[in-house]
Amino acid sequence: MTLSAEQLESLYTTMVRIRRFDEKTAELFQAGLVKGTAHSYVGEEAVAAGACASLREGDYIVGTHRGHGHCIAKGARLDLMMAELMGRQDGYCRGLGGSMHIAALDLRILGCNGIVAAGLPIGTGAALAEKIRRTDHVVIAFFGDGGANQGVVHEAMNLAAVWALPIVFLCENNQYALSTASKRTTAGPSIAARAAGYDIPGARVDGNDVHAVFEAVGAAVARARRGEGPSLVEAVTYRWGGHSMRANLPDYRTKEEEREWMERDPIARLGHHLVEDRHVTPIRLKELEERVEIELERAVEFAKASPEPSVELMEASVYAPHVEVREPAPTGGRELTMAEALNEALHGEMQRDARVFVMGGQGRGAHRRDLRRDARPA
């Protein structure tokens, strides 16, 4: 898949936007303006940018605790994101989610997640819903090398393979789960090699090469969109900073290793390629970077001016509204077993809302929608 000069410029801008956002986040965290903690994506920009460049507007992503880059690459606004990090009411989640839980359903960003690997079953569920609806929408579920060893990863990949769901499992292997090197905890030649266990395609790519990520994820997205099922892509990359801005951990990586990976800077690599191949001039790259700076400055000012959530807003987000419930009218003494009553309720709910379905349930009278019949791709 060949990228045009315009697409390459867009990728470069997205990667710069991701980096500068997280560099500014670190400054604001030190100044006490970012609530809670945050996890920097600096060094990994090529993964999110290259992956999301293959998606359409109706496609979904599920991020991780290190999710700023995922959201920005899918089109999230810097001002609403910055307001969320500062715990302000104008943020994507009204300032109540913070750095690790940004969601933007209008952009099909189903949410980042502070629980390691928890996004995979959410993404798999979204892929199942799209298959049942017979759309051609695709899901990308991001996870890390540490998350790869969670049991829910196996469960999600297994069901996605069994049902041929339109999802791409994208492992961002930055080689450290907090402070533990992946080679100390992960068996086998690679995480991508695990795809063979589910009989799905697996690819391992240079996560600092945006072209390589774009091609690998693009092929997986196209396969999913054709109704051919999931794929596993492992992008090998490196985070420049520590695990968290609040971690305060002793050094667990050598300076030589850090310097070696910084020399593989994905943004500098793409910029060099653009200039060497005469797609753009150095002046043009500078213009793109300056536009990002202006956008970022405005985002910070917007966030600072946004009010903090009110007590009423916070309470409404924790407690469900009270609903008056009336006792049902007499039914003439009809008696049902618990199983019969549950089946009737499920049947009634599925008649009321076509989106509702029941998975499992082998008892007499259970009402289910057959995935093999109802979930054929369009």
# chains A, B, ... in the order shown; residues from 1 in each chain; ligands from 1
>>> residues_around(residues="Asp206 of chain A", least_positions_apart="2", cutoff="6 Å", atoms="only C-alpha atoms", output="JSON, numbers by chain")
{"A": [208, 209, 235, 236]}
>>> select_by_dssp(residues="segment 221-319 of chain A", states="strand (DSSP E)", output="ChimeraX atom specification")
/A:231-236
>>> closest_residue(among="A:Arg134, A:His65, A:Arg298, A:Arg326", to="Gly97 of chain A", atoms="only C-alpha atoms")
A:His65
>>> residues_around(residues="Pro166 of chain A", least_positions_apart="4", cutoff="12 Å", atoms="only C-alpha atoms", output="VMD selection string")
chain A and resid 59 to 61 123 to 141 157 159 to 162 200 220 to 232 375 to 378
>>> residues_around(residues="Ala73 of chain A", least_positions_apart="6", cutoff="7 Å", atoms="only C-alpha atoms", output="JSON, numbers by chain")
{"A": [14, 48, 49, 52]}
>>> atom_distance(atom1="atom CA of Tyr319 of chain A", atom2="atom CA of Cys93 of chain A")
16.1 Å
>>> select_by_dssp(residues="segment 101-332 of chain A", states="alpha helix (DSSP H)", output="ChimeraX atom specification")
/A:119-132,151-162,210-225,255-262,266-276,282-305,311-318
>>> closest_atom_pairs(of="segment 115-228 of chain A", to="segment 242-247 of chain A", cutoff="10 Å", atoms="only C-alpha atoms", output="tab-separated table")
residue	atom	partner	partner_atom	distance
A:Tyr176	CA	A:His243	CA	8.4
A:Ala177	CA	A:His243	CA	8.0
A:Leu178	CA	A:His243	CA	5.1
A:Ser179	CA	A:His243	CA	7.2
>>> write_last_selection(atoms="all heavy atoms", output="PDB file, in the first residue's frame")
ATOM      1  N   TYR A 176       8.739  -3.636  28.197  1.00  0.00           N
ATOM      2  CA  TYR A 176       8.737  -3.603  29.660  1.00  0.00           C
ATOM      3  C   TYR A 176       7.311  -3.501  30.174  1.00  0.00           C
ATOM      4  O   TYR A 176       6.552  -2.618  29.765  1.00  0.00           O
ATOM      5  CB  TYR A 176       9.556  -2.415  30.198  1.00  0.00           C
ATOM      6  CG  TYR A 176      11.042  -2.615  30.027  1.00  0.00           C
ATOM      7  CD1 TYR A 176      11.668  -2.229  28.849  1.00  0.00           C
ATOM      8  CD2 TYR A 176      11.807  -3.211  31.026  1.00  0.00           C
ATOM      9  CE1 TYR A 176      13.033  -2.429  28.668  1.00  0.00           C
ATOM     10  CE2 TYR A 176      13.174  -3.417  30.852  1.00  0.00           C
ATOM     11  CZ  TYR A 176      13.779  -3.023  29.673  1.00  0.00           C
ATOM     12  OH  TYR A 176      15.121  -3.223  29.494  1.00  0.00           O
ATOM     13  N   ALA A 177       6.939  -4.403  31.074  1.00  0.00           N
ATOM     14  CA  ALA A 177       5.674  -4.304  31.798  1.00  0.00           C
ATOM     15  C   ALA A 177       5.986  -3.634  33.126  1.00  0.00           C
ATOM     16  O   ALA A 177       6.529  -4.273  34.033  1.00  0.00           O
ATOM     17  CB  ALA A 177       5.071  -5.689  32.003  1.00  0.00           C
ATOM     18  N   LEU A 178       5.696  -2.347  33.206  1.00  0.00           N
ATOM     19  CA  LEU A 178       6.130  -1.507  34.311  1.00  0.00           C
ATOM     20  C   LEU A 178       7.660  -1.508  34.353  1.00  0.00           C
ATOM     21  O   LEU A 178       8.290  -0.797  33.596  1.00  0.00           O
ATOM     22  CB  LEU A 178       5.512  -1.952  35.642  1.00  0.00           C
ATOM     23  CG  LEU A 178       5.417  -0.872  36.721  1.00  0.00           C
ATOM     24  CD1 LEU A 178       4.173  -1.082  37.586  1.00  0.00           C
ATOM     25  CD2 LEU A 178       6.636  -0.806  37.593  1.00  0.00           C
ATOM     26  N   SER A 179       8.297  -2.353  35.146  1.00  0.00           N
ATOM     27  CA  SER A 179       9.762  -2.378  35.173  1.00  0.00           C
ATOM     28  C   SER A 179      10.326  -3.763  34.857  1.00  0.00           C
ATOM     29  O   SER A 179      11.534  -3.966  34.986  1.00  0.00           O
ATOM     30  CB  SER A 179      10.266  -1.932  36.554  1.00  0.00           C
ATOM     31  OG  SER A 179       9.778  -2.808  37.568  1.00  0.00           O
TER      32      SER A 179
END
>>> residues_around(residues="Ala51 of chain A", least_positions_apart="3", cutoff="7 Å", atoms="only C-alpha atoms", output="PyMOL selection string")
chain A and resi 47-48+54+213-214+217
>>> residues_around(residues="Asp79 of chain A", least_positions_apart="5", cutoff="8 Å", atoms="only C-alpha atoms", output="PyMOL selection string")
chain A and resi 91+296+298-300+302-303
>>> closest_residue(among="A:Arg239, A:Pro201, A:Glu301, A:Leu313", to="Arg259 of chain A", atoms="only C-alpha atoms")
A:Arg239
>>> closest_residue(among="A:Val16, A:Val233, A:Leu249, A:Leu342", to="Ala268 of chain A", atoms="only C-alpha atoms")
A:Val16
>>> closest_residue(among="A:Ala219, A:Met338, A:Met350, A:Leu274", to="Ser4 of chain A", atoms="only C-alpha atoms")
A:Leu274
>>> atom_distance(atom1="atom CA of Ile267 of chain A", atom2="atom CA of Gly43 of chain A")
8.4 Å
>>> residues_around(residues="Glu295 of chain A", least_positions_apart="6", cutoff="10 Å", atoms="only C-alpha atoms", output="PyMOL selection string")
chain A and resi 17+21+77-79+289
>>> decode(residues="segment 220-254 of chain A", atoms="N, CA and C atoms", output="PDB file, in the first residue's frame")
ATOM      1  N   ALA A 220      -4.432  -6.375   7.935  1.00  0.00           N
ATOM      2  CA  ALA A 220      -5.305  -7.025   8.920  1.00  0.00           C
ATOM      3  C   ALA A 220      -6.698  -6.401   8.927  1.00  0.00           C
ATOM      4  N   VAL A 221      -6.758  -5.074   8.817  1.00  0.00           N
ATOM      5  CA  VAL A 221      -8.048  -4.382   8.769  1.00  0.00           C
ATOM      6  C   VAL A 221      -8.823  -4.783   7.514  1.00  0.00           C
ATOM      7  N   ALA A 222      -8.137  -4.844   6.386  1.00  0.00           N
ATOM      8  CA  ALA A 222      -8.802  -5.231   5.143  1.00  0.00           C
ATOM      9  C   ALA A 222      -9.346  -6.648   5.234  1.00  0.00           C
ATOM     10  N   ARG A 223      -8.578  -7.536   5.840  1.00  0.00           N
ATOM     11  CA  ARG A 223      -9.029  -8.921   6.020  1.00  0.00           C
ATOM     12  C   ARG A 223     -10.281  -8.977   6.891  1.00  0.00           C
ATOM     13  N   ALA A 224     -10.255  -8.223   7.989  1.00  0.00           N
ATOM     14  CA  ALA A 224     -11.415  -8.195   8.882  1.00  0.00           C
ATOM     15  C   ALA A 224     -12.636  -7.608   8.178  1.00  0.00           C
ATOM     16  N   ARG A 225     -12.425  -6.586   7.382  1.00  0.00           N
ATOM     17  CA  ARG A 225     -13.536  -5.934   6.691  1.00  0.00           C
ATOM     18  C   ARG A 225     -14.161  -6.858   5.646  1.00  0.00           C
ATOM     19  N   ARG A 226     -13.381  -7.767   5.109  1.00  0.00           N
ATOM     20  CA  ARG A 226     -13.906  -8.751   4.149  1.00  0.00           C
ATOM     21  C   ARG A 226     -14.664  -9.883   4.842  1.00  0.00           C
ATOM     22  N   GLY A 227     -14.686  -9.882   6.167  1.00  0.00           N
ATOM     23  CA  GLY A 227     -15.379 -10.932   6.890  1.00  0.00           C
ATOM     24  C   GLY A 227     -14.553 -12.169   7.121  1.00  0.00           C
ATOM     25  N   GLU A 228     -13.203 -12.034   7.040  1.00  0.00           N
ATOM     26  CA  GLU A 228     -12.330 -13.198   7.166  1.00  0.00           C
ATOM     27  C   GLU A 228     -11.779 -13.386   8.570  1.00  0.00           C
ATOM     28  N   GLY A 229     -12.207 -12.540   9.510  1.00  0.00           N
ATOM     29  CA  GLY A 229     -11.839 -12.772  10.897  1.00  0.00           C
ATOM     30  C   GLY A 229     -10.688 -11.938  11.407  1.00  0.00           C
ATOM     31  N   PRO A 230     -10.240 -12.251  12.634  1.00  0.00           N
ATOM     32  CA  PRO A 230      -9.247 -11.428  13.338  1.00  0.00           C
ATOM     33  C   PRO A 230      -7.816 -11.707  12.914  1.00  0.00           C
ATOM     34  N   SER A 231      -6.944 -10.802  13.326  1.00  0.00           N
ATOM     35  CA  SER A 231      -5.493 -10.958  13.143  1.00  0.00           C
ATOM     36  C   SER A 231      -4.805 -10.436  14.399  1.00  0.00           C
ATOM     37  N   LEU A 232      -3.574 -10.879  14.583  1.00  0.00           N
ATOM     38  CA  LEU A 232      -2.734 -10.400  15.689  1.00  0.00           C
ATOM     39  C   LEU A 232      -1.502  -9.731  15.102  1.00  0.00           C
ATOM     40  N   VAL A 233      -1.271  -8.480  15.470  1.00  0.00           N
ATOM     41  CA  VAL A 233      -0.094  -7.738  15.026  1.00  0.00           C
ATOM     42  C   VAL A 233       0.700  -7.326  16.257  1.00  0.00           C
ATOM     43  N   GLU A 234       1.983  -7.605  16.244  1.00  0.00           N
ATOM     44  CA  GLU A 234       2.888  -7.192  17.316  1.00  0.00           C
ATOM     45  C   GLU A 234       3.836  -6.133  16.774  1.00  0.00           C
ATOM     46  N   ALA A 235       3.774  -4.932  17.337  1.00  0.00           N
ATOM     47  CA  ALA A 235       4.646  -3.837  16.923  1.00  0.00           C
ATOM     48  C   ALA A 235       5.712  -3.629  18.004  1.00  0.00           C
ATOM     49  N   VAL A 236       6.958  -3.888  17.665  1.00  0.00           N
ATOM     50  CA  VAL A 236       8.051  -3.789  18.624  1.00  0.00           C
ATOM     51  C   VAL A 236       8.535  -2.341  18.675  1.00  0.00           C
ATOM     52  N   THR A 237       8.435  -1.748  19.855  1.00  0.00           N
ATOM     53  CA  THR A 237       8.768  -0.335  19.998  1.00  0.00           C
ATOM     54  C   THR A 237       9.425  -0.110  21.363  1.00  0.00           C
ATOM     55  N   TYR A 238       9.414   1.127  21.838  1.00  0.00           N
ATOM     56  CA  TYR A 238      10.114   1.438  23.093  1.00  0.00           C
ATOM     57  C   TYR A 238       9.581   2.754  23.632  1.00  0.00           C
ATOM     58  N   ARG A 239       9.202   2.774  24.897  1.00  0.00           N
ATOM     59  CA  ARG A 239       8.797   4.037  25.510  1.00  0.00           C
ATOM     60  C   ARG A 239      10.029   4.718  26.082  1.00  0.00           C
ATOM     61  N   TRP A 240      10.146   6.009  25.812  1.00  0.00           N
ATOM     62  CA  TRP A 240      11.325   6.731  26.235  1.00  0.00           C
ATOM     63  C   TRP A 240      11.330   6.999  27.738  1.00  0.00           C
ATOM     64  N   GLY A 241      10.185   7.211  28.314  1.00  0.00           N
ATOM     65  CA  GLY A 241      10.124   7.551  29.726  1.00  0.00           C
ATOM     66  C   GLY A 241       9.844   6.345  30.596  1.00  0.00           C
ATOM     67  N   GLY A 242       9.584   6.622  31.868  1.00  0.00           N
ATOM     68  CA  GLY A 242       9.253   5.557  32.788  1.00  0.00           C
ATOM     69  C   GLY A 242       7.841   5.054  32.573  1.00  0.00           C
ATOM     70  N   HIS A 243       7.465   4.088  33.390  1.00  0.00           N
ATOM     71  CA  HIS A 243       6.129   3.515  33.244  1.00  0.00           C
ATOM     72  C   HIS A 243       5.057   4.570  33.451  1.00  0.00           C
ATOM     73  N   SER A 244       5.161   5.335  34.502  1.00  0.00           N
ATOM     74  CA  SER A 244       4.152   6.322  34.854  1.00  0.00           C
ATOM     75  C   SER A 244       4.839   7.595  35.321  1.00  0.00           C
ATOM     76  N   MET A 245       4.148   8.703  35.178  1.00  0.00           N
ATOM     77  CA  MET A 245       4.708   9.963  35.647  1.00  0.00           C
ATOM     78  C   MET A 245       4.768  10.020  37.169  1.00  0.00           C
ATOM     79  N   ARG A 246       4.088   9.082  37.835  1.00  0.00           N
ATOM     80  CA  ARG A 246       4.083   9.051  39.283  1.00  0.00           C
ATOM     81  C   ARG A 246       4.839   7.843  39.837  1.00  0.00           C
ATOM     82  N   ALA A 247       5.494   7.050  39.013  1.00  0.00           N
ATOM     83  CA  ALA A 247       6.047   5.767  39.452  1.00  0.00           C
ATOM     84  C   ALA A 247       7.185   5.916  40.464  1.00  0.00           C
ATOM     85  N   ASN A 248       8.117   6.840  40.206  1.00  0.00           N
ATOM     86  CA  ASN A 248       9.274   7.034  41.095  1.00  0.00           C
ATOM     87  C   ASN A 248      10.043   5.735  41.328  1.00  0.00           C
ATOM     88  N   LEU A 249      10.256   4.979  40.264  1.00  0.00           N
ATOM     89  CA  LEU A 249      10.969   3.709  40.369  1.00  0.00           C
ATOM     90  C   LEU A 249      12.465   3.917  40.187  1.00  0.00           C
ATOM     91  N   PRO A 250      13.282   3.068  40.782  1.00  0.00           N
ATOM     92  CA  PRO A 250      14.721   3.121  40.497  1.00  0.00           C
ATOM     93  C   PRO A 250      14.963   2.704  39.050  1.00  0.00           C
ATOM     94  N   ASP A 251      16.108   3.075  38.520  1.00  0.00           N
ATOM     95  CA  ASP A 251      16.432   2.739  37.124  1.00  0.00           C
ATOM     96  C   ASP A 251      16.408   1.228  36.916  1.00  0.00           C
ATOM     97  N   TYR A 252      15.755   0.808  35.860  1.00  0.00           N
ATOM     98  CA  TYR A 252      15.718  -0.624  35.529  1.00  0.00           C
ATOM     99  C   TYR A 252      16.144  -0.876  34.089  1.00  0.00           C
ATOM    100  N   ARG A 253      16.542   0.212  33.389  1.00  0.00           N
ATOM    101  CA  ARG A 253      17.075   0.083  32.037  1.00  0.00           C
ATOM    102  C   ARG A 253      18.412   0.810  31.986  1.00  0.00           C
ATOM    103  N   THR A 254      19.303   0.315  31.157  1.00  0.00           N
ATOM    104  CA  THR A 254      20.604   0.966  31.057  1.00  0.00           C
ATOM    105  C   THR A 254      20.493   2.232  30.195  1.00  0.00           C
TER     106      THR A 254
END
